[in-house]
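Have a look at data-v7.cif below; it lists mmCIF, C-alpha atoms.
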```cif
data_my_file
loop_
_atom_site.label_atom_id
_atom_site.label_comp_id
_atom_site.auth_asym_id
_atom_site.auth_seq_id
_atom_site.Cartn_x
_atom_site.Cartn_y
_atom_site.Cartn_z
CA MET X 1 79.88 73.02 143.24
CA THR X 2 82.48 74.86 141.17
CA ASP X 3 82.01 75.77 137.51
CA PHE X 4 85.76 76.15 137.04
CA PRO X 5 87.87 73.04 136.44
CA GLU X 6 90.29 72.04 139.20
CA ARG X 7 93.41 73.86 138.11
CA THR X 8 95.59 76.69 139.31
CA LEU X 9 94.91 80.07 137.71
CA ARG X 10 98.25 81.73 136.95
CA ILE X 11 98.03 85.53 136.69
CA GLY X 12 100.81 87.39 134.89
CA THR X 13 101.47 90.90 136.15
CA ARG X 14 104.07 93.62 136.46
CA SER X 15 105.85 93.52 139.79
CA SER X 16 105.12 97.13 140.81
CA PRO X 17 103.11 97.72 144.02
CA MET X 18 100.27 99.18 141.92
CA ALA X 19 100.11 96.17 139.60
CA LEU X 20 100.18 93.74 142.53
CA ALA X 21 97.38 95.70 144.25
CA GLN X 22 95.33 95.40 141.06
CA VAL X 23 95.88 91.64 140.92
CA GLU X 24 94.81 91.38 144.56
CA GLN X 25 91.60 93.23 143.67
CA VAL X 26 90.92 90.88 140.72
CA SER X 27 91.74 87.79 142.81
CA ALA X 28 89.22 88.84 145.47
CA LEU X 29 86.51 89.30 142.82
CA LEU X 30 87.28 85.90 141.26
CA ARG X 31 87.10 84.17 144.64
CA LYS X 32 83.62 85.59 145.19
CA HIS X 33 82.56 83.41 142.24
CA GLU X 34 84.96 80.54 142.92
CA PRO X 35 85.79 80.40 146.66
CA GLU X 36 88.05 77.35 146.21
CA LEU X 37 90.04 78.87 143.35
CA THR X 38 93.82 78.46 143.60
CA ILE X 39 95.61 81.53 142.26
CA ASP X 40 99.30 81.77 141.50
CA VAL X 41 100.57 85.32 140.91
CA VAL X 42 103.49 85.43 138.45
CA PRO X 43 105.16 88.87 138.73
CA VAL X 44 107.59 90.07 136.08
CA THR X 45 109.76 93.18 135.97
CA THR X 46 109.36 94.29 132.37
CA GLU X 47 111.99 95.98 130.23
CA ALA X 48 109.93 99.19 130.45
CA ASP X 49 109.99 99.01 134.28
CA LYS X 50 113.80 98.75 134.28
CA TRP X 51 114.31 101.56 131.75
CA GLN X 52 114.78 104.99 133.34
CA GLY X 53 114.93 107.03 130.12
CA ASP X 54 112.20 108.20 127.75
CA LEU X 55 109.92 105.26 126.98
CA ALA X 56 109.50 106.54 123.42
CA GLN X 57 113.11 105.44 122.77
CA LEU X 58 112.20 101.86 123.70
CA GLY X 59 108.95 101.80 121.77
CA GLY X 60 106.44 103.28 124.19
CA LYS X 61 104.28 102.26 127.09
CA GLY X 62 103.10 99.18 125.20
CA LEU X 63 106.26 97.47 126.48
CA TYR X 64 104.58 97.24 129.89
CA VAL X 65 102.11 94.75 128.43
CA LYS X 66 104.21 93.15 125.67
CA GLU X 67 106.30 90.79 127.81
CA ILE X 68 103.29 89.61 129.79
CA ASP X 69 101.34 89.05 126.56
CA THR X 70 104.19 86.88 125.28
CA MET X 71 104.06 84.80 128.48
CA LEU X 72 100.31 84.42 127.97
CA GLN X 73 100.74 83.33 124.35
CA ARG X 74 103.38 80.77 125.38
CA GLY X 75 101.11 79.33 128.08
CA ASP X 76 103.38 80.38 130.96
CA VAL X 77 100.40 82.18 132.55
CA ASP X 78 96.63 81.83 132.09
CA MET X 79 95.56 85.46 132.27
CA ALA X 80 96.88 88.99 132.60
CA VAL X 81 95.58 92.12 134.31
CA HIS X 82 96.34 95.24 132.26
CA CYS X 83 95.61 98.93 132.73
CA VAL X 84 93.71 99.53 129.49
CA LYS X 85 95.39 102.94 129.05
CA ASP X 86 98.73 101.08 128.65
CA VAL X 87 97.46 98.85 125.82
CA PRO X 88 98.59 100.27 122.42
CA GLY X 89 95.82 101.39 120.08
CA ASP X 90 97.80 101.45 116.83
CA ARG X 91 97.91 97.67 116.39
CA PRO X 92 95.59 94.73 117.09
CA LEU X 93 95.93 92.53 120.17
CA PRO X 94 98.62 89.84 119.87
CA GLN X 95 97.60 86.68 118.01
CA GLY X 96 95.26 84.45 119.98
CA LEU X 97 94.61 86.85 122.87
CA ILE X 98 91.33 88.52 123.89
CA PHE X 99 90.04 90.80 126.61
CA ALA X 100 87.43 88.59 128.23
CA ALA X 101 86.33 91.28 130.69
CA TYR X 102 86.67 94.89 131.75
CA LEU X 103 86.09 95.67 135.42
CA LEU X 104 83.74 98.44 136.50
CA ARG X 105 85.57 101.65 135.71
CA ASP X 106 87.26 103.60 138.52
CA ASP X 107 87.48 107.40 138.76
CA VAL X 108 89.03 108.59 135.48
CA ARG X 109 90.06 112.05 136.69
CA ASP X 110 93.58 113.37 137.16
CA VAL X 111 94.60 115.07 140.40
CA LEU X 112 97.21 117.64 141.42
CA LEU X 113 99.53 116.90 144.35
CA PHE X 114 101.90 119.18 146.24
CA PRO X 115 104.91 118.30 148.42
CA GLU X 116 104.19 117.25 152.00
CA GLY X 117 103.56 120.29 154.16
CA SER X 118 102.71 122.61 151.25
CA GLY X 119 99.73 124.90 151.77
CA ARG X 120 99.00 125.15 148.05
CA GLN X 121 95.73 123.71 146.80
CA THR X 122 95.32 124.41 143.06
CA LEU X 123 97.19 124.98 139.81
CA ASP X 124 96.40 128.69 140.16
CA ASP X 125 98.44 128.78 143.39
CA LEU X 126 101.66 128.02 141.48
CA PRO X 127 103.78 131.04 140.55
CA PRO X 128 105.21 131.31 137.00
CA GLY X 129 108.21 129.05 136.41
CA SER X 130 107.05 126.42 138.91
CA VAL X 131 108.03 122.83 138.06
CA VAL X 132 105.16 120.36 137.60
CA ALA X 133 105.94 116.66 137.17
CA THR X 134 103.94 114.17 135.13
CA SER X 135 104.60 110.95 133.23
CA ALA X 136 102.12 111.68 130.41
CA VAL X 137 102.49 113.84 127.31
CA ARG X 138 98.68 114.14 127.38
CA ARG X 139 98.80 115.84 130.78
CA LYS X 140 101.78 118.03 129.85
CA ALA X 141 99.93 119.30 126.76
CA GLN X 142 96.79 120.14 128.73
CA ILE X 143 98.69 121.87 131.55
CA ASN X 144 100.69 123.92 129.03
CA ARG X 145 97.45 124.88 127.31
CA VAL X 146 96.16 126.72 130.40
CA ARG X 147 99.49 127.55 132.09
CA PRO X 148 102.22 127.94 129.45
CA ASP X 149 104.30 129.74 132.11
CA LEU X 150 104.87 126.50 134.06
CA SER X 151 107.75 124.10 133.47
CA VAL X 152 106.30 120.60 132.99
CA VAL X 153 108.88 117.83 133.42
CA ARG X 154 108.66 114.07 132.93
CA VAL X 155 108.96 111.86 135.99
CA ARG X 156 108.55 108.10 135.69
CA GLY X 157 108.54 105.17 138.06
CA ALA X 158 106.00 103.50 140.31
CA VAL X 159 103.38 105.89 141.70
CA GLY X 160 104.64 105.52 145.27
CA SER X 161 108.21 106.38 144.25
CA ARG X 162 106.97 109.35 142.21
CA VAL X 163 105.23 110.76 145.30
CA GLU X 164 108.49 110.27 147.23
CA LYS X 165 110.29 112.28 144.53
CA LEU X 166 107.72 115.06 144.96
CA ASP X 167 108.34 115.04 148.73
CA GLY X 168 112.12 115.23 148.20
CA LYS X 169 112.71 111.72 149.57
CA ARG X 170 114.20 110.51 146.28
CA ARG X 171 116.67 112.29 144.06
CA VAL X 172 115.36 114.15 141.02
CA ASP X 173 117.08 116.54 138.60
CA ALA X 174 114.93 119.51 139.67
CA GLU X 175 112.99 120.37 142.80
CA LEU X 176 109.34 119.64 142.12
CA ASP X 177 106.59 122.11 143.02
CA ALA X 178 103.64 119.88 142.05
CA MET X 179 102.75 116.61 140.36
CA VAL X 180 99.78 115.28 138.36
CA LEU X 181 98.72 111.65 138.86
CA ALA X 182 95.62 109.53 138.29
CA THR X 183 93.05 109.64 141.09
CA SER X 184 92.41 105.89 140.70
CA GLY X 185 96.09 105.08 141.22
CA LEU X 186 96.23 107.00 144.49
CA GLU X 187 93.06 105.24 145.64
CA ARG X 188 94.47 101.78 144.86
CA LEU X 189 97.57 102.57 146.90
CA GLY X 190 95.55 104.04 149.79
CA ILE X 191 97.05 107.53 149.45
CA ALA X 192 94.08 109.41 147.93
CA HIS X 193 94.37 111.95 150.78
CA ARG X 194 97.50 113.35 149.09
CA GLY X 195 95.44 114.73 146.20
CA ARG X 196 94.52 118.42 146.26
CA GLN X 197 92.89 119.71 143.07
CA VAL X 198 90.89 117.05 141.22
CA PHE X 199 90.59 118.11 137.56
CA SER X 200 87.20 117.67 135.90
CA VAL X 201 87.26 115.80 132.57
CA GLU X 202 86.54 119.16 130.91
CA GLU X 203 89.71 120.62 132.50
CA MET X 204 91.87 117.58 131.75
CA LEU X 205 90.51 114.96 129.38
CA PRO X 206 91.63 111.46 130.46
CA ALA X 207 93.64 108.92 128.52
CA VAL X 208 91.71 106.37 126.46
CA GLY X 209 90.88 103.50 128.82
CA ALA X 210 91.64 105.54 131.95
CA GLY X 211 90.60 103.98 135.25
CA THR X 212 89.91 100.59 133.68
CA LEU X 213 91.43 97.17 134.27
CA GLY X 214 91.20 94.69 131.39
CA LEU X 215 91.36 90.93 132.00
CA GLU X 216 93.12 89.19 129.13
CA CYS X 217 93.39 85.50 128.31
CA ARG X 218 93.92 83.14 125.39
CA ARG X 219 91.01 82.97 122.98
CA ASP X 220 91.08 79.15 122.99
CA ASP X 221 91.03 78.83 126.80
CA ALA X 222 87.25 78.60 127.16
CA ALA X 223 87.30 77.84 130.90
CA VAL X 224 89.33 80.94 131.83
CA ALA X 225 87.45 83.14 129.35
CA ALA X 226 84.11 82.06 130.86
CA LEU X 227 85.39 82.67 134.41
CA LEU X 228 86.66 86.15 133.58
CA ALA X 229 83.50 87.06 131.68
CA ARG X 230 81.61 86.81 134.96
CA LEU X 231 83.49 89.93 136.12
CA ASN X 232 82.74 91.95 132.98
CA ASP X 233 80.97 95.29 133.32
CA GLU X 234 78.90 95.80 130.15
CA ARG X 235 78.75 99.58 130.40
CA THR X 236 82.52 99.87 130.81
CA MET X 237 83.10 97.50 127.87
CA THR X 238 80.81 99.61 125.67
CA GLU X 239 82.55 102.88 126.60
CA ILE X 240 86.04 101.39 126.18
CA THR X 241 85.04 100.06 122.74
CA ALA X 242 84.13 103.57 121.55
CA GLU X 243 87.35 105.07 122.93
CA ARG X 244 89.65 102.40 121.52
CA VAL X 245 88.03 102.44 118.06
CA MET X 246 88.76 106.18 117.98
CA LEU X 247 92.35 105.59 119.16
CA HIS X 248 92.90 102.82 116.60
CA GLY X 249 91.59 105.01 113.77
CA LEU X 250 93.98 107.79 114.79
CA ARG X 251 96.79 105.20 114.79
CA GLY X 252 97.47 106.42 118.29
CA HIS X 253 100.29 104.88 120.28
CA CYS X 254 101.42 105.47 123.83
CA ASN X 255 103.51 108.52 122.97
CA SER X 256 100.72 110.27 121.07
CA PRO X 257 99.07 113.11 123.00
CA ILE X 258 95.56 111.69 122.49
CA ALA X 259 92.77 111.87 125.03
CA GLY X 260 89.35 110.29 124.84
CA HIS X 261 86.44 109.69 127.18
CA CYS X 262 83.10 108.05 126.51
CA ILE X 263 80.19 108.30 128.93
CA THR X 264 76.72 106.79 129.09
CA ASP X 265 73.98 109.29 129.90
CA PRO X 266 71.20 108.26 132.31
CA ASP X 267 68.94 107.52 129.31
CA GLY X 268 71.58 105.16 127.86
CA GLN X 269 72.80 107.59 125.18
CA LEU X 270 76.55 107.37 124.51
CA SER X 271 78.74 110.40 123.95
CA LEU X 272 82.45 110.48 123.16
CA ARG X 273 84.84 113.38 123.53
CA GLY X 274 88.23 113.15 121.80
CA MET X 275 91.24 115.47 121.67
CA VAL X 276 94.63 115.40 119.97
CA PHE X 277 97.37 117.78 121.11
CA SER X 278 100.78 118.88 119.98
CA ARG X 279 103.38 117.95 122.60
CA ASP X 280 103.56 121.47 124.01
CA GLY X 281 99.79 121.94 124.03
CA SER X 282 99.93 124.92 121.68
CA LYS X 283 97.86 123.16 118.99
CA PHE X 284 94.91 120.86 119.54
CA VAL X 285 91.75 119.56 117.90
CA HIS X 286 88.60 118.55 119.74
CA ALA X 287 85.42 116.63 118.90
CA HIS X 288 82.40 115.74 121.03
CA ILE X 289 79.74 113.57 119.38
CA TRP X 290 76.69 111.71 120.65
CA GLY X 291 75.72 108.23 119.50
CA GLU X 292 73.20 108.01 116.66
CA SER X 293 69.92 106.12 116.82
CA ASP X 294 71.60 102.71 117.04
CA ASN X 295 74.02 104.04 119.72
CA ASP X 296 76.75 101.69 118.47
CA PRO X 297 80.08 102.34 120.26
CA ALA X 298 82.28 101.37 117.29
CA THR X 299 80.33 103.69 114.98
CA LEU X 300 80.68 106.50 117.52
CA GLY X 301 84.44 105.95 117.83
CA THR X 302 84.79 106.00 114.05
CA ARG X 303 82.81 109.24 113.75
CA VAL X 304 84.87 111.06 116.40
CA CYS X 305 88.09 109.82 114.80
CA ALA X 306 86.94 111.07 111.37
CA GLU X 307 86.07 114.50 112.79
CA LEU X 308 89.47 114.82 114.52
CA LEU X 309 91.27 113.79 111.30
CA ARG X 310 89.19 116.33 109.35
CA GLN X 311 90.46 119.02 111.73
CA GLY X 312 94.11 118.03 111.16
CA ALA X 313 94.81 115.46 113.89
CA ARG X 314 97.19 113.43 111.70
CA ASP X 315 99.59 116.34 111.20
CA ILE X 316 99.51 117.14 114.92
CA ILE X 317 100.28 113.51 115.86
CA GLU X 318 103.14 113.38 113.33
CA GLY X 319 104.45 116.76 114.54
CA ILE X 320 104.09 118.37 111.12
CA PRO X 321 104.21 122.18 111.54
CA HIS X 322 101.66 124.48 109.89
#
```
As structure tokens - that is how I would like this structure written.
Amino acid sequence: MTDFPERTLRIGTRSSPMALAQVEQVSALLRKHEPELTIDVVPVTTEADKWQGDLAQLGGKGLYVKEIDTMLQRGDVDMAVHCVKDVPGDRPLPQGLIFAAYLLRDDVRDVLLFPEGSGRQTLDDLPPGSVVATSAVRRKAQINRVRPDLSVVRVRGAVGSRVEKLDGKRRVDAELDAMVLATSGLERLGIAHRGRQVFSVEEMLPAVGAGTLGLECRRDDAAVAALLARLNDERTMTEITAERVMLHGLRGHCNSPIAGHCITDPDGQLSLRGMVFSRDGSKFVHAHIWGESDNDPATLGTRVCAELLRQGARDIIEGIPH
């Protein structure tokens, strides 16, 4: 007997191979609960996917989710699967939408790749002046912090096509010596073997929401919200809450070099580490705070945000020189 009404569940998603792989993962989990569920995948190529320039000129990474959110609000789809790291933190969710669930978090770490056939294994193997590609200001800032002698360039596009650029199979402006990507992305595409040096979170603090898929629906669609809630991982939701409260307090958007990672210790104690960088990595502030007696994630996020602001995070985000 099914708990979900007889209707087709329409899932809005970006049309990239990664996004479609994520929807396939979510669909399989949903069918474990509802074996008879009919799912209709509605792929869309967003404006951000088509744009080859700097996303900051268009309004940031939030454009990846904006068009799908509009479809959800209009009722063209019933739910959306978003990478939480792509969801802007400087404004509330669109009217009438909620995250009904967060899936169990994947590996949050970043990993260094080299071109096919390269014998290099680590960042230390790169000679001065080497060109390292990444899509994230957060990564660029942290690489420049430890290796200011490297040239860090922005490369966008689907993960698979980025790896092809690294291997010289697609045209790029400069020959690439290395690339930094998310471990979870390589795993979803089945190419985790390409990774060489996996950075610890101490070496490269992840983006807020890294490694997490959020399942979004309309607040007033009780049937879909209840279905999605069955996939929610409480621990992940708690950690994401702390990170996103910090991000929201910093008024952080997708072009802000902000990193944040909350963990739950074996005894249940929360701790949140946050960092804000200048774009070149030359200036940064850092805070690492443990939850108080009530261990409330929102309180923890607020405290870390306040400490970063006290250290001058606002001026760094705004690019105000000192």
For this session: For the structure shown, which residues end up in the PyMOL selection byres ((chain X and resi 201) around 9)? Put them as a PyMOL selection string, please?
Result: chain X and resi 108-110+199-200+202-206+261
Exercise. So which residues fall inside 7 Å of (88.3, 113.9, 118.2) if we count only C-alpha atoms? Mind giving them as a list in words?
Worked result: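 The distance filter leaves exactly Arg273, Gly274, Met275, Val276, Val285, His286, Ala287, His288, Val304, Cys305, Glu307 and Leu308 of chain X.
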Exercise. Between atom CA of X:Leu93 and atom CA of X:Gly214, what is the distance, to one decimal in Å?
Worked result: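 Going from atom CA of X:Leu93 over to atom CA of X:Gly214 covers 12.4 Å.
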For this session: Go through X:Val163, X:Leu228, X:Val42, X:Ala242 one by one, measure the shortest atom-to-atom distance of each to X:Ser271 using only C-alpha atoms, and give the residue with the smallest value.
Result: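 Between X:Val163, X:Leu228, X:Val42, X:Ala242, the residue approaching X:Ser271 most closely is X:Ala242.
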Problem set entry | Atom pair atom CA of X:Val77 / atom CA of X:Thr212: separation (Å) |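 Value for the atom CA of X:Val77-atom CA of X:Thr212 distance: 21.2 Å.
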Exercise. Quick one, how far is atom CA of X:Arg14 from atom CA of X:Ala192?
Worked result: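 A separation of 21.9 Å between them.
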Problem set entry | Pick from X:Val26, X:Val208, X:Ala133, X:Val155, whichever lies nearest to X:Ile240 using only C-alpha atoms |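 Residue with the minimum atom-to-atom distance to X:Ile240: X:Val208.
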Exercise. Hey, what's within 7 Å of X:Gly129 if we count only C-alpha atoms and toss same-chain stuff fewer than 4 positions away? As number ranges by chain, please?
Worked result: X: 149-151
For this session: Place a sphere of radius 12 Å on (96.9, 102.2, 123.6) in the file coordinates and name every protein, DNA or RNA residue with an atom inside or on its surface, counting all atoms listed in the file; give the answer as a PyMOL selection string.
Result: chain X and resi 60-66+82-93+207-210+240+243-260
Saved stretch 283-318 of chain X from the preceding structure, N, CA and C atoms, as a PDB file, in the first residue's frame:
```
ATOM      1  N   LYS X 283      44.701  37.938   2.543  1.00  0.00           N
ATOM      2  CA  LYS X 283      44.084  38.298   3.821  1.00  0.00           C
ATOM      3  C   LYS X 283      42.989  37.277   4.130  1.00  0.00           C
ATOM      4  N   PHE X 284      42.897  36.883   5.378  1.00  0.00           N
ATOM      5  CA  PHE X 284      41.807  35.987   5.761  1.00  0.00           C
ATOM      6  C   PHE X 284      41.531  36.107   7.251  1.00  0.00           C
ATOM      7  N   VAL X 285      40.319  35.737   7.639  1.00  0.00           N
ATOM      8  CA  VAL X 285      39.967  35.623   9.055  1.00  0.00           C
ATOM      9  C   VAL X 285      39.413  34.223   9.274  1.00  0.00           C
ATOM     10  N   HIS X 286      39.574  33.727  10.495  1.00  0.00           N
ATOM     11  CA  HIS X 286      39.226  32.334  10.786  1.00  0.00           C
ATOM     12  C   HIS X 286      38.602  32.244  12.177  1.00  0.00           C
ATOM     13  N   ALA X 287      37.576  31.429  12.316  1.00  0.00           N
ATOM     14  CA  ALA X 287      36.980  31.177  13.631  1.00  0.00           C
ATOM     15  C   ALA X 287      36.597  29.700  13.723  1.00  0.00           C
ATOM     16  N   HIS X 288      36.791  29.124  14.887  1.00  0.00           N
ATOM     17  CA  HIS X 288      36.425  27.728  15.123  1.00  0.00           C
ATOM     18  C   HIS X 288      35.817  27.654  16.523  1.00  0.00           C
ATOM     19  N   ILE X 289      34.511  27.404  16.575  1.00  0.00           N
ATOM     20  CA  ILE X 289      33.777  27.465  17.850  1.00  0.00           C
ATOM     21  C   ILE X 289      32.961  26.187  18.038  1.00  0.00           C
ATOM     22  N   TRP X 290      32.890  25.732  19.279  1.00  0.00           N
ATOM     23  CA  TRP X 290      32.079  24.558  19.613  1.00  0.00           C
ATOM     24  C   TRP X 290      30.714  25.006  20.129  1.00  0.00           C
ATOM     25  N   GLY X 291      29.719  24.154  19.927  1.00  0.00           N
ATOM     26  CA  GLY X 291      28.374  24.462  20.410  1.00  0.00           C
ATOM     27  C   GLY X 291      28.352  24.591  21.924  1.00  0.00           C
ATOM     28  N   GLU X 292      27.479  25.469  22.430  1.00  0.00           N
ATOM     29  CA  GLU X 292      27.345  25.632  23.886  1.00  0.00           C
ATOM     30  C   GLU X 292      26.484  24.499  24.443  1.00  0.00           C
ATOM     31  N   SER X 293      26.068  24.659  25.671  1.00  0.00           N
ATOM     32  CA  SER X 293      25.357  23.568  26.356  1.00  0.00           C
ATOM     33  C   SER X 293      24.116  23.092  25.593  1.00  0.00           C
ATOM     34  N   ASP X 294      23.401  24.031  24.956  1.00  0.00           N
ATOM     35  CA  ASP X 294      22.196  23.598  24.226  1.00  0.00           C
ATOM     36  C   ASP X 294      22.527  23.053  22.830  1.00  0.00           C
ATOM     37  N   ASN X 295      23.787  23.285  22.369  1.00  0.00           N
ATOM     38  CA  ASN X 295      24.260  22.708  21.101  1.00  0.00           C
ATOM     39  C   ASN X 295      23.365  23.081  19.918  1.00  0.00           C
ATOM     40  N   ASP X 296      22.788  24.288  19.956  1.00  0.00           N
ATOM     41  CA  ASP X 296      21.848  24.701  18.912  1.00  0.00           C
ATOM     42  C   ASP X 296      22.621  25.150  17.665  1.00  0.00           C
ATOM     43  N   PRO X 297      22.320  24.573  16.478  1.00  0.00           N
ATOM     44  CA  PRO X 297      23.107  24.905  15.286  1.00  0.00           C
ATOM     45  C   PRO X 297      22.982  26.367  14.855  1.00  0.00           C
ATOM     46  N   ALA X 298      21.789  26.941  14.992  1.00  0.00           N
ATOM     47  CA  ALA X 298      21.600  28.344  14.579  1.00  0.00           C
ATOM     48  C   ALA X 298      22.401  29.277  15.486  1.00  0.00           C
ATOM     49  N   THR X 299      22.408  28.979  16.784  1.00  0.00           N
ATOM     50  CA  THR X 299      23.200  29.781  17.730  1.00  0.00           C
ATOM     51  C   THR X 299      24.680  29.685  17.390  1.00  0.00           C
ATOM     52  N   LEU X 300      25.132  28.482  17.072  1.00  0.00           N
ATOM     53  CA  LEU X 300      26.537  28.273  16.723  1.00  0.00           C
ATOM     54  C   LEU X 300      26.903  29.056  15.466  1.00  0.00           C
ATOM     55  N   GLY X 301      26.062  28.987  14.443  1.00  0.00           N
ATOM     56  CA  GLY X 301      26.306  29.736  13.208  1.00  0.00           C
ATOM     57  C   GLY X 301      26.388  31.233  13.457  1.00  0.00           C
ATOM     58  N   THR X 302      25.509  31.723  14.324  1.00  0.00           N
ATOM     59  CA  THR X 302      25.489  33.151  14.658  1.00  0.00           C
ATOM     60  C   THR X 302      26.772  33.560  15.382  1.00  0.00           C
ATOM     61  N   ARG X 303      27.237  32.698  16.289  1.00  0.00           N
ATOM     62  CA  ARG X 303      28.450  33.015  17.057  1.00  0.00           C
ATOM     63  C   ARG X 303      29.685  33.048  16.156  1.00  0.00           C
ATOM     64  N   VAL X 304      29.801  32.089  15.247  1.00  0.00           N
ATOM     65  CA  VAL X 304      30.956  32.065  14.338  1.00  0.00           C
ATOM     66  C   VAL X 304      30.919  33.278  13.412  1.00  0.00           C
ATOM     67  N   CYS X 305      29.727  33.597  12.919  1.00  0.00           N
ATOM     68  CA  CYS X 305      29.573  34.792  12.066  1.00  0.00           C
ATOM     69  C   CYS X 305      30.025  36.045  12.819  1.00  0.00           C
ATOM     70  N   ALA X 306      29.576  36.191  14.063  1.00  0.00           N
ATOM     71  CA  ALA X 306      29.918  37.383  14.857  1.00  0.00           C
ATOM     72  C   ALA X 306      31.421  37.488  15.072  1.00  0.00           C
ATOM     73  N   GLU X 307      32.072  36.349  15.311  1.00  0.00           N
ATOM     74  CA  GLU X 307      33.519  36.351  15.528  1.00  0.00           C
ATOM     75  C   GLU X 307      34.266  36.737  14.246  1.00  0.00           C
ATOM     76  N   LEU X 308      33.808  36.225  13.100  1.00  0.00           N
ATOM     77  CA  LEU X 308      34.438  36.580  11.821  1.00  0.00           C
ATOM     78  C   LEU X 308      34.256  38.073  11.526  1.00  0.00           C
ATOM     79  N   LEU X 309      33.062  38.596  11.795  1.00  0.00           N
ATOM     80  CA  LEU X 309      32.804  40.024  11.574  1.00  0.00           C
ATOM     81  C   LEU X 309      33.681  40.866  12.510  1.00  0.00           C
ATOM     82  N   ARG X 310      33.846  40.407  13.741  1.00  0.00           N
ATOM     83  CA  ARG X 310      34.686  41.130  14.706  1.00  0.00           C
ATOM     84  C   ARG X 310      36.121  41.231  14.188  1.00  0.00           C
ATOM     85  N   GLN X 311      36.560  40.195  13.479  1.00  0.00           N
ATOM     86  CA  GLN X 311      37.929  40.179  12.946  1.00  0.00           C
ATOM     87  C   GLN X 311      38.071  40.951  11.626  1.00  0.00           C
ATOM     88  N   GLY X 312      36.960  41.471  11.088  1.00  0.00           N
ATOM     89  CA  GLY X 312      37.054  42.272   9.864  1.00  0.00           C
ATOM     90  C   GLY X 312      36.560  41.595   8.606  1.00  0.00           C
ATOM     91  N   ALA X 313      35.718  40.577   8.747  1.00  0.00           N
ATOM     92  CA  ALA X 313      35.242  39.829   7.569  1.00  0.00           C
ATOM     93  C   ALA X 313      34.493  40.707   6.575  1.00  0.00           C
ATOM     94  N   ARG X 314      33.711  41.678   7.082  1.00  0.00           N
ATOM     95  CA  ARG X 314      32.905  42.503   6.167  1.00  0.00           C
ATOM     96  C   ARG X 314      33.795  43.261   5.187  1.00  0.00           C
ATOM     97  N   ASP X 315      34.861  43.857   5.670  1.00  0.00           N
ATOM     98  CA  ASP X 315      35.760  44.614   4.792  1.00  0.00           C
ATOM     99  C   ASP X 315      36.430  43.693   3.773  1.00  0.00           C
ATOM    100  N   ILE X 316      36.767  42.472   4.201  1.00  0.00           N
ATOM    101  CA  ILE X 316      37.394  41.528   3.268  1.00  0.00           C
ATOM    102  C   ILE X 316      36.410  41.138   2.170  1.00  0.00           C
ATOM    103  N   ILE X 317      35.153  40.846   2.540  1.00  0.00           N
ATOM    104  CA  ILE X 317      34.134  40.469   1.569  1.00  0.00           C
ATOM    105  C   ILE X 317      33.897  41.601   0.567  1.00  0.00           C
ATOM    106  N   GLU X 318      33.856  42.824   1.081  1.00  0.00           N
ATOM    107  CA  GLU X 318      33.598  43.997   0.222  1.00  0.00           C
ATOM    108  C   GLU X 318      34.849  44.430  -0.547  1.00  0.00           C
TER     109      GLU X 318
END
```
